[in-house]
Amino acid sequence: MSQHFVSVEGLSREFPHASGHTTVFEDVNLNIERGEFVCIIGHSGCGKSTILNVLAGLDEPTSGVVIMDGKEVRGPSLDRGVVFQNYSLLPWLTTLQNVAFGVRARHADWSREQVNAHSERFLSMVGLSHALHKKPAELSGGMRQRVSIARAFATEPKLLLLDEPFGALDALTRGVIQDELMQICQHTGQTVFMITHDVDEAILLSDRILLMSDGPNAQIAESVRISLPRPRNRADIVNHPGYYAIRNHLIRFLVARSHERPNHRQPLDIDPALDASSSQANNATSSQVNSQHTTHNTTSRGNISC
Amino acid sequence: MTLSLNTRAFIVSVVLLVTLLGIWEAMNPVAPSSGELSEFELLMGAADQQARVPPPSVVLSHAWQELSNPFYDAGPNDKGIGIQLGWSLYRVLTGYLAAMLVAIPLGFVIGMSPLMYRALNPFIQVLRPISPLAWMPLALFIIRDSEQSAIFVIFICSVWPMLLNTAFGVSGVRRDWVNVARTHELGPLRTAWQVILPAAAPTILTGMRISIGIAWLVIVAAEMLVGGTGIGYYVWNEWNNLDLASVIFSILMIGVVGMLLDAGLGAIARFVQYRE
């Protein structure tokens with residue numbers, strides 16, 4: 001029996017079609033610890049969303065198991081909250097009713113006042129106290145995603161699953177909601193598994209980033225530790241010496257190495273920031289090296305666009 | 001000066017109405033009456049050598065007379081328009097309600113289960129195109145009651161649009177909303193009640209509006225067949241009496257009541273409508 005909070009073992013998923021079947025991913029192994037924020041990055045078609053759906057219990061793997069908190073995951077559960085990319089709010093309910101929908105499902109014995117007070121508390125955490133009685137159609141995309149996040153947090157799941165939650169938002173809104181999410185997670189110690197395409201977002205939020213090789217037959221190649229200190233701040237984090245080491249490592253993987261098939265079952269555990277600081281420590285005598293290092297970083301920053 | 005679109009449309013409507021009534025009135029003048037005629041003279045055809053459509057002025061004065069005392073009851077063949085419409089509404093609403101109780105739950109089953117959809121589809125496709133009045137003889141034989149047979153005919157004509165629209169609305173509910181219900185551990189009944197019903201409600205209401213329209217069309221024909229009471233019987237009875245003013249008046253009343261029924265369901269449809 002593993003002692004990880006979530007452990008995924010030997011997961012694979014095949015989709016049948018007219019001529020045989022496609023194996024989207026196979027032999028996926030990953031662990032999530034309690035209170036950890038884990039992001040998963042990979043090119044389209046590597047099956048990230050399918051893995052998340054399997055974790056949510058909305059999809060069944062062809063083989064392999066997901067164990068959470070000592071129990072096998074079978075079917076959806078309130079213990080695993082999901083925030084979908086397209087918000088998935090019920091359009092005939094108001095903001096408050098949408099969150100209360102989740103709270104009532106969790107606490108069937110609560111009175112209406114308890115449910116509403118609980119829901120309002122979580123809506124105020126995402127700054128939506130002024131929009132309690134608006135319908136989703138009257139809200140902007142960012143506000144809708146906040147409602148969706150509030151609904152997920154309000155049910156207090158053991159594991160929160162986020163499927164590219166900020167993909168459809170503009171950059172400014174995305175930044176604001178990322179900060180809110182980071183704060184709430186800091187307060188609640190929420191365990192989170194999130195899909196993203198945005199490398200900077202992943203570094204800002206995660207404790208660990210899982211890198212997937214390309215599909216079909218995708219696997220998790222590396223588990224990259226993000227050992228940047230918390231609390232993090234988007235403006236200052238880029239000045240941390242380890243930041244660009246991590247970023248460059250991720251980008252290089254996605255650009256150059258993601259099509260290679262990993263020849264190991266468990267993802268490699270990598271800490272680019274640690275490697276960077278140790279190599280820095282070796283060369284610490286020369287300040288010139290340090291400045292070179294920074295120039296190297298700034299140039300590479302210009303190159304990155306994927 | 002520019003009037004709002006509504007005001008201008010209203011003016012055009014009034015002009016059209018006055019024009020059409022004017023033409024109708026001009027083409028069908030009231031026969032020059034030579035004073036009160038005795039029943040004998042009437043029977044001998046002394047009144048008018050040519051049957052005419054009564055002009056609007058006659059219809060209107062007749063309507064006024066009928067509407068000022070809509071609930072009088074002077075024997076089997078002489079009842080107020082309110083009583084006749086009341087009977088028709090009673091039959092329509094009873095049959096319609098029974099159809100709702102069958103069509104909406106069954107529509108849910110068909111919409112949620114591809115197996116049931118495929119299994120029941122052949123029956124629906126064969127039964128749906130049958131004119132509801134074709135059921136009348138069979139209904140009369142089996143039920144042995146003209147009143148209930150009329151209600152059955154309303155039931156059978158209302159059931160199809162509601163059934164098909166419910167099934168269509170239920171099967172078209174967005175996967176994401178169903179997933180929301182699943183991740184919140186809602187049971188099948190609560191999912192149906194809290195997610196699928198509100199999501200499919202606009203489509204179901206469309207079916208209900210189509211059904212009430214058809215039911216109101218069919219009741220007139222059904223009552224012409226079963227007789228006794230109701231607006232359909234009233235129209236036919238007045239035709240037998242050669243009272244064309246009453247026929248025209250009751251045609252108008254059928255239109256007005258049908259419009260009100262549709263408007264009522266339209267208001268409910270607006271209430272359950274949602275924007276995505």
# chains A, B, ... in the order shown; residues from 1 in each chain; ligands from 1
$ closest_atom_pairs --of "chain A" --to "chain B" --cutoff "7 Å" --atoms "only C-alpha atoms" --output "JSON lines"
{"residue": "A:Pro76", "atom": "CA", "partner": "B:Thr183", "partner_atom": "CA", "distance": 5.0}
{"residue": "A:Ser77", "atom": "CA", "partner": "B:Thr183", "partner_atom": "CA", "distance": 5.5}
{"residue": "A:Leu78", "atom": "CA", "partner": "B:His184", "partner_atom": "CA", "distance": 5.3}
{"residue": "A:Gly81", "atom": "CA", "partner": "B:Thr183", "partner_atom": "CA", "distance": 6.9}
{"residue": "A:Ser88", "atom": "CA", "partner": "B:Asp176", "partner_atom": "CA", "distance": 5.8}
{"residue": "A:Leu90", "atom": "CA", "partner": "B:Trp177", "partner_atom": "CA", "distance": 6.7}
{"residue": "A:Pro91", "atom": "CA", "partner": "B:Glu276", "partner_atom": "CA", "distance": 5.6}
{"residue": "A:Trp92", "atom": "CA", "partner": "B:Tyr274", "partner_atom": "CA", "distance": 5.4}
{"residue": "A:Gly102", "atom": "CA", "partner": "B:His184", "partner_atom": "CA", "distance": 6.5}
{"residue": "A:Ala105", "atom": "CA", "partner": "B:His184", "partner_atom": "CA", "distance": 6.0}
{"residue": "A:Ala137", "atom": "CA", "partner": "B:Glu276", "partner_atom": "CA", "distance": 5.5}
$ select_by_dssp --residues "region 220-258 of chain A" --states "strand (DSSP E or B)" --output "PyMOL selection string"
chain A and resi 220-225
$ select_by_dssp --residues "region 16-259 of chain B" --states "alpha helix (DSSP H)" --output "NGL selection string"
:B and (16-27 or 39-43 or 56-68 or 81-112 or 114-127 or 136-143 or 146-171 or 175-183 or 188-191 or 197-226 or 231-240 or 244-259)
$ residues_around --residues "Lys48 (chain A)" --least-positions-apart "3" --cutoff "7 Å" --atoms "only C-alpha atoms" --output "list in words"
Ile51, Leu52 and Ile195 of chain A
$ write_last_selection --atoms "N, CA and C atoms" --output "CSV table (one decimal), in the first residue's frame"
chain,number,residue,atom,x,y,z
A,51,ILE,N,-6.7,12.0,-18.4
A,51,ILE,CA,-6.2,11.7,-17.0
A,51,ILE,C,-7.0,12.4,-16.0
A,52,LEU,N,-7.3,13.7,-16.2
A,52,LEU,CA,-8.1,14.4,-15.2
A,52,LEU,C,-9.5,13.8,-15.0
A,195,ILE,N,-4.5,21.2,-15.1
A,195,ILE,CA,-3.9,21.1,-16.4
A,195,ILE,C,-3.7,22.5,-16.9
$ atom_distance --atom1 "CA of His197 (chain A)" --atom2 "CA of Arg174 (chain A)"
12.8 Å
